[in-house]
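Here's the structure we're looking at; comments come further down.
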Amino acid sequence: MAATLGRESGREVTELQTAAPRASRVAYVVGRYPAVSHAFVTREVLALRAAGVEVETISIHRAEDGDALSATDRAERERTYALLPVRLGALLGAHLRAFAGAPRAYLATLAGALRDGPPGIRGRVWQLFYFLEAIMVWNRCRSRGVRHLHAHHLNQAADAAMLAVRYANARGGPAWTWSFTMHGPNELYDVSRFQLAEKAGEAAVVTCISDFARSQVMGFTDEDRWTRFTVVHCGVDPTEFDPGRAASNGAAPAPGDGPFRVLYVGRLVPFKGQAILLEATAALRRRGIDARLTMIGEGPAREGAERRAAEFGLNGEVRFAGAVGQDEIRSHYAAADVFCLPSFAEGVPVVLMEAMAMAVPVVTSRIMGISELVDDGAQGLLVRPGRADELAAALERLARDPELRERLGRGGRAKVSAEFDVRESGRQLAAIFATQDGTRPG
C-alpha cells in the first residue's frame, strides 16, 4: 500500500483519508446484515454509497424478520446476498468453478485454512465451514467485479473474507485485497481464537473505531504493520438524530415533564451492566426521585433482568420494550431525561452517539474507548464500571439539576456533529477503499 499513516498534533493524518475519493467497488462481508444490534453497519453502507462507492453486501446468515424492523432494513435485506441457509446448487457451483479454474490454488487455500485453525477436530470442522463460505464469497465477488472485501468484527465473516482473498490471489491475475474494522471488546478476550495478529498482519488496512482499538491491534503486531492501522469512527447522521425534528413531530412527551425518565438501549447481556442500572434506579427511588426506566433491546439476560427488577420492587417503574427499529428509536430518545449505559466492556457505543446527537445527556462507564466520545462533565458523566453507588449518584445529580442536563445535552450533540458524523466517516472510508487494488471500475 503506497499511502503511509502518521500522527501529527494528536490527529490521524493519512494520505488515505485526505485523498479525493474516487468511485470504487467494495464488498461488505458481515455475519448478519442487516441486524438490529448493528445498525451502524447499515448507516456506514449507506454513507459509502452516498460517497460514490458501489457496495455489495454479503451476509453469512440471512437476516431474520426481527433484524429488519425498519423500511431501510427490509430494503437492505432484499439486496443482500446471504450464504446461509445454504443453497446446495450455489454451494456446489461455486466450488466446482473454483476447483476447475485453479485446482492447485483451491487445495492450497483449503490446506491453509485447516492449518491456521485451532487444534482439534472441532476447530478443523469450523475451518472447513469457513472455507466453504469463502469460496461462495469469492464467486459472488467475481461475478460482481469486486476485488476488495471489508469485514466488520473478527468473526466468521472476517475468516471468509480473508480466505476468499487468499484463494483469488493464489489463482493469479489482478490482486485482491481485504480489510476489517476493529471494534472490541470481544476480539480482545481471546486474541488467539480470533486470530487478531494473523488477520491484522494479512489485511491491507485495519480501520479502528477508536485510538484505544488501534492501540490494542498495535500491541499484537509488528511495528512495520502499524502504518496500515487507521482510525475511522462509527457515527450517526445528526440530521436524522435531531432533537428539533423529533420535538416538531410531537410523538413523545417532552423531557422534564413528570417523572425522571432514564433510557437504556442495547442488547440484554450481562456485560452491559443492566443489573447495576436496576440497582441504581431502586436507589434513586429510595431517595425520593420518581425515576422511571425504559430498557430497549433483547437478549439472554432479559429474564434475569425482569426478575431482578421485581426483587428491587420496580415492577411498575421499569418497562422492558424489546427490540425497536431505527424508524422508532428517535421518539424514545426524545422522551428521555437521561441516557444510561453502565457497561463493563465496550468499543465506542453507537447508542451513546445516538443519544448525544439527540441532545440527551449520558451517564456511562469510564472504560475502553468511551472516553474518546464522552468528556466527563462536558457531554455526560462518567463513572467507574460496576459501581451502582456512583451510577445512582450521577443520575441523582442530573435528576436534580435540569440546567446541567441541558448543558451536557448541547455539548453531546456538538461533539457528535464534529467528530462522529457518519457522512464524514463514509467519505474517509471511500478514500481508503479507492487506494486498494481492484476496487476501481474497469
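Ordered as shown in the C-alpha cells, chains take letters A, B, and onward, while each chain numbers its residues from 1 and ligands are numbered from 1 in the order shown.
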
So that I can check the surroundings of Ala160 of chain A, please list as a VMD selection string every protein, DNA and RNA residue that reaches within 9 Å of it, counting only C-alpha atoms and ignoring chain neighbours fewer than 2 positions away. chain A and resid 29 60 130 to 138 155 to 158 162 to 165

Need to verify the contact set: His332 of chain A, 9 Å, only C-alpha atoms, exclusion of same-chain residues closer than 2 positions in sequence. Can you return it as a PyMOL selection string? chain A and resi 252+263+294+328-330+334-336

Closest of A:Phe229, A:Tyr33, A:Phe260, A:Phe312 to Arg286 of chain A, counting only C-alpha atoms, is A:Phe312

Quick one, how far is atom CA of Leu395 of chain A from atom CA of Ala213 of chain A?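 Atom CA of Ala213 of chain A lies 28.5 Å from atom CA of Leu395 of chain A.
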
Under the rule that only C-alpha atoms are counted, which of A:Ala161, A:Val362, A:Val36, A:Ala399 is the nearest residue to Asp375 of chain A?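 That would be A:Val362, the residue with the smallest distance to Asp375 of chain A.
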
Closest to Thr221 of chain A among A:Ala197, A:Leu293, A:Ala392, A:Ala301, using only C-alpha atoms? A:Ala197

Write out as a VMD selection string which residues come within 7 Å of segment 93-102 of chain A when counting only C-alpha atoms, dropping same-chain ones fewer than 3 positions away. chain A and resid 89 to 90 105 to 106 135 to 136 139 171

Would you mind exporting C-alpha atoms of the selected residues as a CSV table (one decimal), in the first residue's frame?
chain,number,residue,atom,x,y,z
A,89,GLY,CA,-26.7,-25.5,-6.1
A,90,ALA,CA,-25.0,-22.3,-5.3
A,105,ALA,CA,-4.9,-22.7,-5.6
A,106,TYR,CA,-8.1,-24.3,-4.3
A,135,ILE,CA,-15.4,-19.8,-1.9
A,136,MET,CA,-19.0,-18.7,-2.2
A,139,ASN,CA,-17.6,-16.5,-6.5
A,171,ARG,CA,-5.1,-18.0,-8.8

Point out the residue among A:Tyr28, A:Leu341, A:Phe420, A:Thr281 with the least atom-to-atom distance to Leu382 of chain A, counting only C-alpha atoms. A:Leu341

For segment 268-274 of chain A, find every residue with an atom within 12 Å (counting only C-alpha atoms), except residues of its own chain fewer than 6 positions away, and show them as an mmCIF file with N, CA and C atoms, in the first residue's frame.
data_model
loop_
_atom_site.group_PDB
_atom_site.id
_atom_site.type_symbol
_atom_site.label_atom_id
_atom_site.label_comp_id
_atom_site.auth_asym_id
_atom_site.auth_seq_id
_atom_site.Cartn_x
_atom_site.Cartn_y
_atom_site.Cartn_z
ATOM 1 N N SER A 37 -28.973 -4.982 16.179
ATOM 2 C CA SER A 37 -27.946 -4.515 17.111
ATOM 3 C C SER A 37 -26.736 -3.906 16.414
ATOM 4 N N PRO A 185 -15.136 -5.236 22.411
ATOM 5 C CA PRO A 185 -14.106 -5.891 23.198
ATOM 6 C C PRO A 185 -13.955 -7.386 22.938
ATOM 7 N N ASN A 186 -14.926 -8.003 22.222
ATOM 8 C CA ASN A 186 -14.912 -9.468 22.104
ATOM 9 C C ASN A 186 -13.593 -10.000 21.556
ATOM 10 N N ALA A 280 -29.261 0.910 40.707
ATOM 11 C CA ALA A 280 -29.169 2.370 40.831
ATOM 12 C C ALA A 280 -30.553 3.008 40.760
ATOM 13 N N THR A 281 -31.435 2.473 39.906
ATOM 14 C CA THR A 281 -32.794 3.004 39.798
ATOM 15 C C THR A 281 -33.546 2.831 41.111
ATOM 16 N N LEU A 293 -37.570 3.806 34.342
ATOM 17 C CA LEU A 293 -36.540 3.271 33.450
ATOM 18 C C LEU A 293 -37.188 2.524 32.298
ATOM 19 N N THR A 294 -36.764 2.844 31.074
ATOM 20 C CA THR A 294 -37.165 2.090 29.884
ATOM 21 C C THR A 294 -35.938 1.378 29.344
ATOM 22 N N MET A 295 -36.047 0.066 29.165
ATOM 23 C CA MET A 295 -34.944 -0.735 28.639
ATOM 24 C C MET A 295 -35.352 -1.274 27.275
ATOM 25 N N ILE A 296 -34.617 -0.855 26.244
ATOM 26 C CA ILE A 296 -34.888 -1.267 24.870
ATOM 27 C C ILE A 296 -33.821 -2.259 24.441
ATOM 28 N N GLY A 297 -34.258 -3.391 23.931
ATOM 29 C CA GLY A 297 -33.328 -4.407 23.466
ATOM 30 C C GLY A 297 -33.776 -5.785 23.908
ATOM 31 N N GLU A 298 -33.180 -6.777 23.298
ATOM 32 C CA GLU A 298 -33.454 -8.168 23.638
ATOM 33 C C GLU A 298 -32.139 -8.886 23.895
ATOM 34 N N GLY A 299 -32.227 -10.050 24.520
ATOM 35 C CA GLY A 299 -31.032 -10.834 24.757
ATOM 36 C C GLY A 299 -31.249 -11.849 25.856
ATOM 37 N N PRO A 300 -30.264 -12.705 26.067
ATOM 38 C CA PRO A 300 -30.411 -13.803 27.028
ATOM 39 C C PRO A 300 -30.545 -13.352 28.470
ATOM 40 N N ALA A 301 -30.177 -12.112 28.773
ATOM 41 C CA ALA A 301 -30.253 -11.641 30.157
ATOM 42 C C ALA A 301 -31.590 -10.986 30.489
ATOM 43 N N ARG A 302 -32.528 -10.997 29.546
ATOM 44 C CA ARG A 302 -33.791 -10.296 29.811
ATOM 45 C C ARG A 302 -34.550 -10.923 30.984
ATOM 46 N N GLU A 303 -34.675 -12.242 31.004
ATOM 47 C CA GLU A 303 -35.420 -12.887 32.070
ATOM 48 C C GLU A 303 -34.819 -12.564 33.439
ATOM 49 N N GLY A 304 -33.495 -12.602 33.519
ATOM 50 C CA GLY A 304 -32.835 -12.277 34.778
ATOM 51 C C GLY A 304 -33.045 -10.820 35.163
ATOM 52 N N ALA A 305 -33.043 -9.924 34.175
ATOM 53 C CA ALA A 305 -33.259 -8.503 34.465
ATOM 54 C C ALA A 305 -34.680 -8.259 34.960
ATOM 55 N N GLU A 306 -35.646 -8.930 34.357
ATOM 56 C CA GLU A 306 -37.024 -8.786 34.811
ATOM 57 C C GLU A 306 -37.182 -9.299 36.244
ATOM 58 N N ARG A 307 -36.515 -10.396 36.535
ATOM 59 C CA ARG A 307 -36.587 -10.958 37.882
ATOM 60 C C ARG A 307 -35.935 -10.011 38.899
ATOM 61 N N ARG A 308 -34.817 -9.430 38.494
ATOM 62 C CA ARG A 308 -34.116 -8.518 39.410
ATOM 63 C C ARG A 308 -34.931 -7.242 39.633
ATOM 64 N N ALA A 309 -35.599 -6.762 38.597
ATOM 65 C CA ALA A 309 -36.456 -5.584 38.764
ATOM 66 C C ALA A 309 -37.544 -5.859 39.787
ATOM 67 N N VAL A 318 -40.177 0.022 35.723
ATOM 68 C CA VAL A 318 -39.269 -0.411 34.656
ATOM 69 C C VAL A 318 -40.092 -1.010 33.529
ATOM 70 N N PHE A 320 -39.747 -3.008 29.951
ATOM 71 C CA PHE A 320 -38.915 -3.734 29.004
ATOM 72 C C PHE A 320 -39.616 -3.668 27.647
ATOM 73 N N ALA A 321 -39.078 -2.825 26.752
ATOM 74 C CA ALA A 321 -39.775 -2.514 25.491
ATOM 75 C C ALA A 321 -39.405 -3.446 24.350
ATOM 76 N N GLY A 322 -38.407 -4.320 24.541
ATOM 77 C CA GLY A 322 -37.995 -5.209 23.469
ATOM 78 C C GLY A 322 -37.206 -4.479 22.388
ATOM 79 N N ALA A 323 -37.012 -5.147 21.257
ATOM 80 C CA ALA A 323 -36.268 -4.555 20.145
ATOM 81 C C ALA A 323 -37.111 -3.486 19.457
ATOM 82 N N CYS A 340 -28.542 6.097 29.869
ATOM 83 C CA CYS A 340 -27.573 5.441 30.749
ATOM 84 C C CYS A 340 -27.116 4.127 30.130
ATOM 85 N N LEU A 341 -25.798 3.957 30.039
ATOM 86 C CA LEU A 341 -25.194 2.721 29.543
ATOM 87 C C LEU A 341 -24.090 2.318 30.525
ATOM 88 N N PRO A 342 -24.382 1.414 31.468
ATOM 89 C CA PRO A 342 -23.424 1.086 32.531
ATOM 90 C C PRO A 342 -22.550 -0.128 32.215
ATOM 91 N N SER A 343 -22.067 -0.224 30.992
ATOM 92 C CA SER A 343 -21.366 -1.429 30.538
ATOM 93 C C SER A 343 -20.067 -1.673 31.288
ATOM 94 N N PHE A 344 -19.663 -2.946 31.273
ATOM 95 C CA PHE A 344 -18.376 -3.358 31.819
ATOM 96 C C PHE A 344 -17.303 -3.401 30.733
ATOM 97 N N ALA A 345 -17.707 -3.511 29.481
ATOM 98 C CA ALA A 345 -16.763 -3.557 28.355
ATOM 99 C C ALA A 345 -17.484 -3.040 27.119
ATOM 100 N N GLU A 346 -16.812 -2.190 26.343
ATOM 101 C CA GLU A 346 -17.404 -1.595 25.143
ATOM 102 C C GLU A 346 -16.301 -1.194 24.176
ATOM 103 N N GLY A 347 -16.696 -0.954 22.929
ATOM 104 C CA GLY A 347 -15.816 -0.282 21.993
ATOM 105 C C GLY A 347 -16.063 1.214 22.148
ATOM 106 N N PRO A 349 -19.708 2.909 21.916
ATOM 107 C CA PRO A 349 -21.100 2.545 21.637
ATOM 108 C C PRO A 349 -21.831 3.559 20.768
ATOM 109 N N THR A 364 -22.407 7.015 31.745
ATOM 110 C CA THR A 364 -21.843 5.769 31.245
ATOM 111 C C THR A 364 -20.530 5.460 31.960
ATOM 112 N N SER A 365 -19.973 4.316 31.639
ATOM 113 C CA SER A 365 -18.773 3.832 32.322
ATOM 114 C C SER A 365 -17.504 4.418 31.726
ATOM 115 N N ARG A 384 -17.095 4.876 37.436
ATOM 116 C CA ARG A 384 -16.340 3.638 37.399
ATOM 117 C C ARG A 384 -17.273 2.459 37.131
ATOM 118 N N PRO A 385 -16.847 1.501 36.313
ATOM 119 C CA PRO A 385 -17.736 0.392 35.967
ATOM 120 C C PRO A 385 -18.058 -0.478 37.171
ATOM 121 N N GLY A 386 -19.279 -1.002 37.169
ATOM 122 C CA GLY A 386 -19.683 -1.919 38.212
ATOM 123 C C GLY A 386 -20.051 -1.273 39.530
ATOM 124 N N ARG A 387 -20.113 0.054 39.574
ATOM 125 C CA ARG A 387 -20.383 0.776 40.819
ATOM 126 C C ARG A 387 -21.806 1.354 40.788
ATOM 127 N N ALA A 388 -22.745 0.626 41.367
ATOM 128 C CA ALA A 388 -24.123 1.100 41.409
ATOM 129 C C ALA A 388 -24.244 2.383 42.217
ATOM 130 N N LEU A 391 -23.168 5.221 39.977
ATOM 131 C CA LEU A 391 -24.167 5.387 38.928
ATOM 132 C C LEU A 391 -25.391 6.112 39.480
#

What are the DSSP helix (DSSP H, G or I) residues of segment 153-380 of chain A, as a PyMOL selection string? chain A and resi 156-171+186-189+196-202+211-219+223-228+243-249+270-272+274-286+302-311+326-335+350-357+368-372
